[in-house]
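Enquirer: Input protein-v4.cif, format and content: mmCIF, C-alpha atoms.
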data_data
#
loop_
_atom_site.label_atom_id
_atom_site.label_comp_id
_atom_site.auth_asym_id
_atom_site.auth_seq_id
_atom_site.Cartn_x
_atom_site.Cartn_y
_atom_site.Cartn_z
CA MET A 191 204.79 265.62 270.86
CA VAL A 192 205.08 265.40 267.06
CA GLY A 193 206.56 268.90 267.07
CA ILE A 194 209.18 267.82 269.59
CA VAL A 195 210.00 264.74 267.51
CA LEU A 196 210.51 266.84 264.37
CA GLY A 197 212.43 269.56 266.24
CA SER A 198 214.86 267.18 267.95
CA ALA A 199 215.39 265.18 264.74
CA SER A 200 216.08 268.39 262.79
CA LEU A 201 218.52 269.71 265.40
CA PHE A 202 220.42 266.41 265.47
CA ILE A 203 220.61 266.21 261.66
CA VAL A 204 221.88 269.80 261.38
CA LEU A 205 224.52 269.29 264.10
CA SER A 206 225.63 266.08 262.37
CA GLY A 207 225.84 267.97 259.09
CA PHE A 208 228.06 270.65 260.60
CA ALA A 209 230.22 267.97 262.23
CA GLY A 210 230.63 266.39 258.80
CA LEU A 211 231.50 269.74 257.20
CA ARG A 212 234.05 270.36 259.95
CA GLU A 213 235.74 267.01 259.37
CA PHE A 214 235.57 267.47 255.58
CA THR A 215 237.14 270.94 255.76
CA LEU A 216 239.92 269.99 258.17
CA GLU A 217 240.64 266.69 256.42
CA PHE A 218 242.48 268.46 253.61
CA THR A 219 244.36 271.01 255.69
CA SER A 220 245.56 268.26 258.03
CA ILE A 221 247.42 266.64 255.12
CA ILE A 222 250.15 269.29 255.24
CA ASP A 223 249.51 270.57 258.77
CA PRO A 224 252.01 269.22 261.33
CA ASP A 225 251.05 268.18 264.84
CA LEU A 226 253.06 271.12 266.19
CA LYS A 227 254.75 274.09 264.55
CA ALA A 228 257.40 276.37 266.10
CA GLU A 229 257.61 279.95 264.80
CA THR A 230 259.53 283.01 265.90
CA THR A 231 257.72 285.95 267.48
CA ILE A 232 260.52 288.37 266.51
CA GLY A 233 261.19 288.97 262.83
CA LYS A 234 260.78 286.39 260.12
CA SER A 235 263.54 283.89 260.87
CA PHE A 236 265.65 282.44 263.65
CA THR A 237 268.76 280.31 264.01
CA LEU A 238 268.60 276.66 265.02
CA SER A 239 271.91 275.48 266.43
CA GLN A 240 273.21 271.93 266.14
CA GLN A 241 272.82 271.44 269.88
CA GLN A 242 269.18 272.57 269.76
CA ALA A 243 268.52 270.20 266.87
CA GLU A 244 269.96 267.30 268.89
CA ASP A 245 267.89 268.30 271.93
CA LEU A 246 264.72 268.33 269.80
CA LYS A 247 265.49 264.82 268.52
CA ASN A 248 265.77 263.58 272.10
CA ILE A 249 262.38 264.92 273.23
CA GLU A 250 260.12 262.01 274.14
CA GLY A 251 257.01 262.01 271.97
CA VAL A 252 258.61 263.63 268.90
CA THR A 253 258.72 261.19 265.99
CA SER A 254 260.30 263.57 263.49
CA PHE A 255 260.68 267.25 262.70
CA SER A 256 261.35 269.26 259.55
CA LYS A 257 263.11 272.60 259.16
CA ILE A 258 261.12 275.07 257.05
CA ILE A 259 261.77 278.31 255.18
CA GLU A 260 258.72 280.26 253.96
CA GLU A 261 258.61 283.52 252.04
CA ARG A 262 256.45 285.27 249.48
CA VAL A 263 257.82 285.05 245.92
CA ILE A 264 256.91 285.72 242.30
CA ALA A 265 256.95 282.62 240.14
CA THR A 266 257.61 283.02 236.41
CA PHE A 267 257.25 280.35 233.75
CA ASP A 268 257.01 280.72 229.99
CA GLY A 269 256.09 284.42 230.23
CA ASN A 270 253.45 283.91 232.96
CA ASN A 271 253.78 285.39 236.46
CA HIS A 272 252.03 284.34 239.65
CA PRO A 273 252.50 285.38 243.32
CA ALA A 274 252.92 282.50 245.75
CA TYR A 275 254.78 281.36 248.85
CA ILE A 276 257.95 279.33 248.56
CA LYS A 277 258.13 276.61 251.20
CA GLY A 278 261.61 275.19 251.45
CA VAL A 279 261.61 271.87 253.28
CA ASP A 280 264.19 269.30 254.25
CA GLN A 281 264.06 265.56 253.59
CA ASN A 282 262.04 264.91 256.79
CA PHE A 283 259.01 266.86 255.53
CA SER A 284 257.44 263.82 253.87
CA GLU A 285 257.65 262.03 257.24
CA VAL A 286 256.04 264.90 259.14
CA THR A 287 253.15 265.33 256.66
CA LYS A 288 251.31 263.25 254.05
CA ILE A 289 252.32 265.48 251.15
CA GLU A 290 253.31 262.62 248.82
CA SER A 291 249.78 261.17 249.03
CA VAL A 292 248.30 264.25 247.30
CA ILE A 293 250.60 264.45 244.27
CA PRO A 294 248.55 262.99 241.37
CA ILE A 295 251.02 264.18 238.69
CA GLY A 296 254.78 263.71 238.94
CA GLY A 297 256.54 263.10 242.24
CA TRP A 298 258.14 264.71 245.27
CA ILE A 299 261.34 266.76 245.18
CA TYR A 300 264.73 265.17 245.73
CA PRO A 301 266.72 266.60 248.66
CA GLU A 302 269.23 269.36 247.93
CA THR A 303 268.16 269.75 244.29
CA PRO A 304 266.73 272.78 242.40
CA GLN A 305 263.32 271.19 241.99
CA SER A 306 259.80 272.29 242.90
CA VAL A 307 256.28 270.94 243.40
CA VAL A 308 253.44 273.37 242.74
CA GLY A 309 249.71 273.34 243.51
CA TRP A 310 247.11 272.58 240.87
CA THR A 311 245.91 276.21 240.71
CA ILE A 312 249.45 277.57 240.37
CA SER A 313 250.13 275.01 237.67
CA THR A 314 247.07 276.25 235.74
CA HIS A 315 248.00 279.94 236.06
CA LEU A 316 251.59 279.40 235.00
CA ASN A 317 250.83 276.66 232.49
CA VAL A 318 253.58 274.57 234.05
CA GLY A 319 253.61 270.78 233.96
CA ALA A 320 255.72 268.15 235.68
CA ASN A 321 259.16 266.82 234.75
CA ASP A 322 259.62 269.19 231.81
CA TYR A 323 263.40 269.43 232.10
CA GLY A 324 263.63 271.58 228.98
CA LYS A 325 262.05 274.55 230.78
CA SER A 326 262.72 275.97 234.21
CA MET A 327 260.58 278.10 236.51
CA THR A 328 262.06 281.28 237.99
CA LEU A 329 261.40 282.26 241.61
CA SER A 330 262.08 285.90 242.50
CA VAL A 331 262.17 287.92 245.75
CA PRO A 332 263.25 291.52 246.42
CA LYS A 333 266.68 291.90 248.01
CA PRO A 334 266.71 293.50 251.46
CA GLY A 335 268.86 296.57 251.93
CA LYS A 336 269.17 300.29 251.30
CA GLY A 337 270.66 302.52 248.65
CA GLN A 338 270.18 303.32 245.00
CA ILE A 339 269.33 300.50 242.60
CA THR A 340 271.12 300.58 239.27
CA SER A 341 270.29 297.11 237.92
CA GLN A 342 267.80 294.28 238.30
CA ASN A 343 270.46 292.06 239.90
CA GLN A 344 270.80 294.57 242.72
CA ALA A 345 267.06 294.58 243.38
CA ILE A 346 266.02 290.95 242.99
CA ASN A 347 267.25 287.51 244.02
CA GLN A 348 266.34 284.71 241.66
CA VAL A 349 266.67 280.94 241.44
CA LYS A 350 265.66 278.61 238.65
CA VAL A 351 263.92 275.33 239.47
CA VAL A 352 262.49 272.42 237.50
CA ASN A 353 258.94 271.51 238.47
CA VAL A 354 258.67 267.78 239.11
CA GLY A 355 255.16 267.44 240.60
CA ILE A 356 251.70 268.93 241.04
CA TYR A 357 249.83 268.52 244.31
CA ASP A 358 246.06 268.80 244.87
CA ILE A 359 244.73 269.57 248.36
CA ASN A 360 242.16 272.35 248.18
CA GLU A 361 241.73 275.55 246.20
CA GLU A 362 243.30 277.84 248.80
CA ILE A 363 246.42 275.76 249.40
CA ASN A 364 246.73 274.83 245.71
CA ASN A 365 247.09 278.55 245.00
CA LYS A 366 249.49 279.27 247.86
CA TYR A 367 252.58 277.06 248.14
CA ILE A 368 255.48 276.17 245.88
CA PHE A 369 257.51 273.47 247.61
CA THR A 370 261.28 273.39 247.09
CA SER A 371 264.26 271.95 248.89
CA LEU A 372 265.54 273.81 251.93
CA GLU A 373 268.82 274.54 250.14
CA THR A 374 267.02 276.20 247.22
CA ALA A 375 265.08 278.46 249.59
CA LYS A 376 268.29 279.39 251.45
CA GLN A 377 269.96 280.29 248.17
CA LEU A 378 267.01 282.45 247.09
CA LEU A 379 266.78 284.32 250.40
CA ASN A 380 270.54 284.42 251.19
CA TYR A 381 269.94 282.62 254.49
CA ASN A 382 272.73 281.17 256.60
CA ASP A 383 273.10 277.41 257.04
CA ASN A 384 271.19 277.31 260.36
CA GLN A 385 268.71 280.08 259.54
CA ILE A 386 265.06 278.98 259.15
CA THR A 387 261.55 280.44 259.58
CA SER A 388 259.84 277.54 261.37
CA ILE A 389 260.05 273.91 262.50
CA GLU A 390 257.23 271.41 261.98
CA PHE A 391 256.85 268.37 264.25
CA LYS A 392 255.19 264.97 264.03
CA LEU A 393 254.32 263.42 267.40
CA ASN A 394 253.78 259.87 268.56
CA GLU A 395 250.15 258.80 268.79
CA ASN A 396 250.40 258.48 272.59
CA ALA A 397 252.40 261.66 273.13
CA ASP A 398 251.06 264.30 275.51
CA GLU A 399 250.79 267.40 273.34
CA ASP A 400 251.06 269.97 276.14
CA THR A 401 254.12 268.28 277.64
CA VAL A 402 255.88 268.11 274.27
CA LYS A 403 255.02 271.76 273.55
CA ASN A 404 256.59 272.84 276.83
CA LYS A 405 259.74 270.83 276.16
CA ILE A 406 260.10 272.26 272.64
CA ALA A 407 259.61 275.78 273.97
CA SER A 408 262.26 275.23 276.65
CA VAL A 409 264.78 274.08 274.01
CA LEU A 410 264.09 276.86 271.49
CA GLY A 411 263.74 279.74 273.96
CA PRO A 412 261.15 282.39 274.88
CA THR A 413 261.08 284.05 271.46
CA ILE A 414 259.62 280.92 269.82
CA LEU A 415 255.87 280.21 269.80
CA VAL A 416 254.72 276.59 269.47
CA LYS A 417 251.27 276.05 267.91
CA ASN A 418 249.12 272.93 267.53
CA LYS A 419 246.77 272.10 264.64
CA ASP A 420 243.85 273.97 266.15
CA GLN A 421 245.91 277.13 266.56
CA LEU A 422 247.29 276.84 263.02
CA ASN A 423 243.72 276.78 261.69
CA ASP A 424 242.14 279.14 264.21
CA ALA A 425 240.39 281.19 261.49
CA ILE A 426 238.70 278.07 260.08
CA TYR A 427 237.73 276.87 263.55
CA LYS A 428 236.26 280.26 264.46
CA MET A 429 234.23 280.35 261.26
CA LEU A 430 232.90 276.80 261.70
CA ASN A 431 232.16 277.30 265.41
CA THR A 432 230.34 280.59 264.76
CA GLU A 433 228.18 279.06 262.03
CA ASN A 434 227.50 276.00 264.19
CA LEU A 435 226.42 278.18 267.12
CA ALA A 436 224.16 280.31 264.93
CA VAL A 437 222.37 277.30 263.46
CA TYR A 438 222.11 275.68 266.91
CA LEU A 439 220.40 278.79 268.28
CA ILE A 440 218.01 278.95 265.32
CA PHE A 441 216.93 275.34 265.74
CA THR A 442 216.73 275.77 269.51
CA LEU A 443 214.21 278.54 268.79
CA VAL A 444 212.28 276.02 266.69
CA LEU A 445 212.28 273.67 269.69
CA ILE A 446 211.06 276.45 271.96
CA ILE A 447 208.15 277.08 269.60
CA ALA A 448 207.41 273.34 269.55
CA LEU A 449 207.45 273.25 273.35
CA PHE A 450 204.73 275.91 273.45
CA ASN A 451 202.53 273.05 272.24
CA ILE A 452 203.48 271.16 275.39
CA ILE A 453 202.36 274.13 277.51
CA GLY A 454 199.09 274.37 275.59
CA THR A 455 198.49 270.62 275.80
CA ILE A 456 199.05 270.53 279.55
CA ILE A 457 196.82 273.57 280.16
CA MET A 458 194.07 271.98 278.06
CA ALA A 459 194.45 268.78 280.09
CA ILE A 460 194.22 270.75 283.33
CA LEU A 461 190.98 272.45 282.22
CA ASP A 462 189.56 269.17 280.95
CA LYS A 463 190.30 267.37 284.24
CA LYS A 464 189.08 270.05 286.66
CA LYS A 465 186.53 267.70 288.27
CA THR A 466 189.14 264.97 288.65
CA LEU A 467 191.55 267.44 290.20
CA ASN A 468 188.84 268.53 292.64
CA THR A 469 188.30 264.90 293.60
CA LEU A 470 192.03 264.38 294.16
CA TYR A 471 192.16 267.53 296.26
CA ASN A 472 189.22 266.41 298.41
CA LEU A 473 190.90 263.01 298.88
CA GLY A 474 193.90 264.80 300.41
CA ALA A 475 196.22 265.56 297.51
CA SER A 476 197.93 268.92 297.88
CA VAL A 477 198.17 271.52 295.12
CA LYS A 478 201.90 270.74 294.94
CA ASP A 479 201.19 267.04 294.37
CA ILE A 480 198.70 267.82 291.61
CA ARG A 481 201.18 270.15 289.93
CA LYS A 482 203.75 267.33 289.93
CA ILE A 483 201.35 265.14 287.94
CA PHE A 484 201.30 267.58 285.04
CA LEU A 485 204.98 268.44 285.45
CA TYR A 486 205.89 264.77 285.04
CA GLN A 487 203.45 264.47 282.14
CA GLY A 488 205.21 267.31 280.30
CA ILE A 489 208.67 265.91 281.06
CA LEU A 490 207.59 262.46 279.88
CA MET A 491 206.18 263.86 276.63
CA THR A 492 209.44 265.78 276.06
CA LEU A 493 211.61 262.75 276.86
CA ILE A 494 209.68 260.35 274.62
CA GLY A 495 209.49 262.89 271.79
CA GLY A 496 213.22 263.59 272.09
CA ILE A 497 214.16 259.92 272.03
CA ILE A 498 211.95 259.23 269.00
CA GLY A 499 213.37 262.30 267.27
CA LEU A 500 216.96 261.20 267.94
CA ILE A 501 216.19 257.73 266.58
CA ILE A 502 214.76 259.27 263.39
CA GLY A 503 217.69 261.69 263.12
CA TYR A 504 220.25 258.93 263.70
CA THR A 505 218.57 256.73 261.10
CA LEU A 506 218.61 259.47 258.46
CA VAL A 507 222.26 260.37 259.16
CA GLN A 508 223.24 256.69 259.02
CA LEU A 509 221.40 256.29 255.72
CA GLN A 510 223.34 259.27 254.32
CA LEU A 511 226.62 257.75 255.49
CA SER A 512 225.77 254.33 254.05
CA PHE A 513 223.90 255.11 250.84
CA LYS A 514 224.88 258.75 250.05
CA LEU A 515 221.28 259.88 249.50
CA ILE A 516 222.15 263.59 249.09
CA MET A 517 224.99 264.58 246.79
CA ILE A 518 226.77 267.93 246.48
CA THR A 519 228.30 266.91 243.17
CA PRO A 520 227.88 263.70 241.16
CA VAL A 521 230.85 262.21 243.04
CA LEU A 522 230.76 264.06 246.39
CA PRO A 523 228.08 263.18 248.99
CA TYR A 524 227.00 265.77 251.54
CA PRO A 525 229.31 265.19 254.52
CA VAL A 526 227.77 264.15 257.83
CA ALA A 527 229.31 262.70 260.99
CA LEU A 528 227.86 260.84 263.96
CA GLN A 529 229.19 262.23 267.23
CA PHE A 530 228.09 261.25 270.73
CA LYS A 531 228.24 264.85 271.91
CA ASN A 532 225.46 265.76 269.47
CA PHE A 533 223.15 263.23 271.14
CA VAL A 534 223.97 264.83 274.49
CA ILE A 535 223.51 268.40 273.19
CA VAL A 536 220.08 267.65 271.70
CA MET A 537 218.77 265.78 274.77
CA LEU A 538 220.19 268.30 277.23
CA THR A 539 218.70 271.23 275.29
CA LEU A 540 215.37 269.46 274.96
CA MET A 541 215.11 268.41 278.61
CA VAL A 542 216.04 271.84 279.96
CA LEU A 543 213.46 273.52 277.74
CA GLY A 544 210.94 270.75 278.43
CA VAL A 545 211.23 271.09 282.21
CA ILE A 546 210.83 274.88 281.95
CA ALA A 547 207.77 274.53 279.70
CA SER A 548 206.21 271.90 281.98
CA LYS A 549 206.79 274.04 285.06
CA ILE A 550 205.15 277.02 283.36
CA ALA A 551 202.10 274.93 282.46
CA ALA A 552 201.85 273.21 285.84
CA SER A 553 202.06 276.54 287.65
CA ARG A 554 198.57 277.33 286.29
CA ILE A 555 197.17 274.99 288.92
CA ASN A 556 196.22 276.82 292.11
CA ARG A 557 193.97 276.26 295.10
CA ASN A 558 190.97 278.09 293.60
CA LEU A 559 191.13 275.95 290.44
CA VAL A 560 191.05 272.60 292.24
CA LYS A 561 188.44 273.76 294.76
CA THR A 562 185.96 274.84 292.10
CA GLY A 563 186.42 271.78 289.93
#
Let me see whether you can do it: turn the structure in this file into structure tokens.
Expert:
Amino acid sequence: MVGIVLGSASLFIVLSGFAGLREFTLEFTSIIDPDLKAETTIGKSFTLSQQQAEDLKNIEGVTSFSKIIEERVIATFDGNNHPAYIKGVDQNFSEVTKIESVIPIGGWIYPETPQSVVGWTISTHLNVGANDYGKSMTLSVPKPGKGQITSQNQAINQVKVVNVGIYDINEEINNKYIFTSLETAKQLLNYNDNQITSIEFKLNENADEDTVKNKIASVLGPTILVKNKDQLNDAIYKMLNTENLAVYLIFTLVLIIALFNIIGTIIMAILDKKKTLNTLYNLGASVKDIRKIFLYQGILMTLIGGIIGLIIGYTLVQLQLSFKLIMITPVLPYPVALQFKNFVIVMLTLMVLGVIASKIAASRINRNLVKTG
């Protein structure tokens, strides 16, 4: 039973660790991820009419939405170049996301101004600071079209912006986005007034996501795809789920090995109690009844061991949450999370394997064994 205790405790701790890593990973992406995002399935951009914008405002469950323009650009500052994505946003973007909460240096852009906010990694590569109005950053994109190019102006669109803030989310995002006003992005890409690449939505806490998605899709038309947070981060979810499944299977194998001890223990008990089994048989107990004795013994050992293991696992996870016993860095504790489903997964796995192991052991009892006891 000690093996079952250690196996169940280990499985619970590992599942809690992966749950903590999942929350830790998604905590940062959720800062700038909207509840829903509408993107076109044809081309890069689409047109949002005034009537559609009014219809979106009237959808029940939508708190706010922000019009977005995204495109790959080359940022240049003080002789340094760096590839990035411009993300032109309107004044509602700070309501849809928590972007202002992750700007440790400077501040957020003013609407309809040639300003920018860059990530920490981009700031390092370009050597650009915040609120340096004496120097501007140049954003460049190739011009679409055909024909012979005779000058740089014919090949490239450029805008100059003043960087007013530096955000810090995670390494990937810090190296990806340069936020500007929607008007600046339109100027750079020669977009029309109503031309955008996506719309990001913030929903009410009690809103039904599927219902709101369907209403947004009906307003914007069949060429628009509406995604939720899970779909926006599907690559991260797939990676985390795959790793979680792999570790779960490995520790389930450890439990299976531990449950071989249950089989051995029950078989040893059967051989040790042969005379007692013979007595029970002569008193009228059937072979089936005698098998049930050892089946219940194995199930009881599994159940008690699992419960003790879960208590130990819960205690260790709670200690990590409360006292930060294991640290990744001097300031960052190893993330763990207590989730009810992990209790269920461990006990369900353990009981299924325990019943199978107990049945295998109990099946060793036959009529010849109890007769010759």
Enquirer: Go through A:Lys549, A:Pro332, A:Lys376, A:Asn347 one by one, measure the shortest atom-to-atom distance of each to Val279 of chain A using only C-alpha atoms, and give the residue with the smallest value.
Expert: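 Among the listed residues, A:Lys376 lies closest to Val279 of chain A.
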Enquirer: Convert the output of the PyMOL selection byres ((chain A and resi 296) around 9) on the shown file into explicit residues, formatted as a PDB file with C-alpha atoms, keeping the file's coordinate frame.
Expert:
ATOM      1  CA  ILE A 293     250.600 264.450 244.270  1.00  0.00           C
ATOM      2  CA  PRO A 294     248.550 262.990 241.370  1.00  0.00           C
ATOM      3  CA  ILE A 295     251.020 264.180 238.690  1.00  0.00           C
ATOM      4  CA  GLY A 297     256.540 263.100 242.240  1.00  0.00           C
ATOM      5  CA  TRP A 298     258.140 264.710 245.270  1.00  0.00           C
ATOM      6  CA  VAL A 307     256.280 270.940 243.400  1.00  0.00           C
ATOM      7  CA  GLY A 319     253.610 270.780 233.960  1.00  0.00           C
ATOM      8  CA  ALA A 320     255.720 268.150 235.680  1.00  0.00           C
ATOM      9  CA  ASN A 321     259.160 266.820 234.750  1.00  0.00           C
ATOM     10  CA  ASN A 353     258.940 271.510 238.470  1.00  0.00           C
ATOM     11  CA  VAL A 354     258.670 267.780 239.110  1.00  0.00           C
ATOM     12  CA  GLY A 355     255.160 267.440 240.600  1.00  0.00           C
ATOM     13  CA  ILE A 356     251.700 268.930 241.040  1.00  0.00           C
ATOM     14  CA  TYR A 357     249.830 268.520 244.310  1.00  0.00           C
TER      15      TYR A 357
END
Enquirer: Nearest to Leu559 of chain A among A:Thr303, A:Asn532, A:Thr505, A:Asn468, with distances taken over only C-alpha atoms: which residue is it?
Expert: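 Ranking A:Thr303, A:Asn532, A:Thr505, A:Asn468 by distance to Leu559 of chain A, first place goes to A:Asn468.
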Enquirer: Under the PyMOL selection byres ((chain A and resi 264) around 12), which residues of this model are included? Write them out as an MDAnalysis selection string.
Expert: chainID A and resid 261:263 265:267 270:276 312 316 327:332 346:350 366:368 378
Enquirer: Just to be explicit: take each residue in the selection above, keep C-alpha atoms, and write the result as a CSV table (one decimal), keeping the file's coordinate frame.
Expert:
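result-v9.csv, freshly written:
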chain,number,residue,atom,x,y,z
A,261,GLU,CA,258.6,283.5,252.0
A,262,ARG,CA,256.4,285.3,249.5
A,263,VAL,CA,257.8,285.0,245.9
A,265,ALA,CA,257.0,282.6,240.1
A,266,THR,CA,257.6,283.0,236.4
A,267,PHE,CA,257.2,280.4,233.8
A,270,ASN,CA,253.4,283.9,233.0
A,271,ASN,CA,253.8,285.4,236.5
A,272,HIS,CA,252.0,284.3,239.6
A,273,PRO,CA,252.5,285.4,243.3
A,274,ALA,CA,252.9,282.5,245.8
A,275,TYR,CA,254.8,281.4,248.8
A,276,ILE,CA,258.0,279.3,248.6
A,312,ILE,CA,249.4,277.6,240.4
A,316,LEU,CA,251.6,279.4,235.0
A,327,MET,CA,260.6,278.1,236.5
A,328,THR,CA,262.1,281.3,238.0
A,329,LEU,CA,261.4,282.3,241.6
A,330,SER,CA,262.1,285.9,242.5
A,331,VAL,CA,262.2,287.9,245.8
A,332,PRO,CA,263.2,291.5,246.4
A,346,ILE,CA,266.0,291.0,243.0
A,347,ASN,CA,267.2,287.5,244.0
A,348,GLN,CA,266.3,284.7,241.7
A,349,VAL,CA,266.7,280.9,241.4
A,350,LYS,CA,265.7,278.6,238.6
A,366,LYS,CA,249.5,279.3,247.9
A,367,TYR,CA,252.6,277.1,248.1
A,368,ILE,CA,255.5,276.2,245.9
A,378,LEU,CA,267.0,282.4,247.1
Enquirer: Identify which of the residues A:Lys561, A:Lys277, A:Leu543, A:Gly269 lies closest to Ala475 of chain A, counting only C-alpha atoms when measuring atom-to-atom distances.
Expert: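 Closest to Ala475 of chain A, using only C-alpha atoms: A:Lys561.
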Enquirer: Taking the file as shown, what set of residues would the PyMOL selection byres ((chain A and resi 210) around 9) give back, as a list of chain:residue names?
Expert: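 So the PyMOL selection byres ((chain A and resi 210) around 9), applied here, picks out A:Leu205, A:Ser206, A:Gly207, A:Phe208, A:Ala209, A:Leu211, A:Arg212, A:Glu213, A:Phe214, A:Thr215, A:Tyr524, A:Pro525, A:Val526, A:Ala527, A:Leu528.
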Enquirer: Find the residues around segment 484-495 of chain A up to 10 Å (only C-alpha atoms counted), leave out those fewer than 3 positions away in its own chain, and share them as a PyMOL selection string.
Expert: chain A and resi 191-199+449+452-453+455-457+459-460+479-481+498-501+537+540-553+555
Enquirer: When you look at Pro412 of chain A with a cut-off of 12 Å (counting all atoms listed in the file), what residues show up, excluding the ones that are within fewer than 2 positions of it in the same chain? I need them as a PyMOL selection string.
Expert: chain A and resi 228-232+404-410+414-416
Enquirer: Would you list the contacts of Asp358 of chain A as a short mmCIF file (atom, residue, chain, number, x, y, z; two decimals) with C-alpha atoms, in the frame of the given file, taking every protein, DNA or RNA residue within 9 Å and counting all atoms listed in the file, but skipping same-chain residues closer than 5 positions in sequence?
Expert:
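For reference, out-v9.cif as written:
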data_model
loop_
_atom_site.label_atom_id
_atom_site.label_comp_id
_atom_site.auth_asym_id
_atom_site.auth_seq_id
_atom_site.Cartn_x
_atom_site.Cartn_y
_atom_site.Cartn_z
CA VAL A 292 248.30 264.25 247.30
CA ILE A 293 250.60 264.45 244.27
CA PRO A 294 248.55 262.99 241.37
CA VAL A 308 253.44 273.37 242.74
CA GLY A 309 249.71 273.34 243.51
CA TRP A 310 247.11 272.58 240.87
CA THR A 311 245.91 276.21 240.71
CA ILE A 363 246.42 275.76 249.40
CA ASN A 364 246.73 274.83 245.71
#
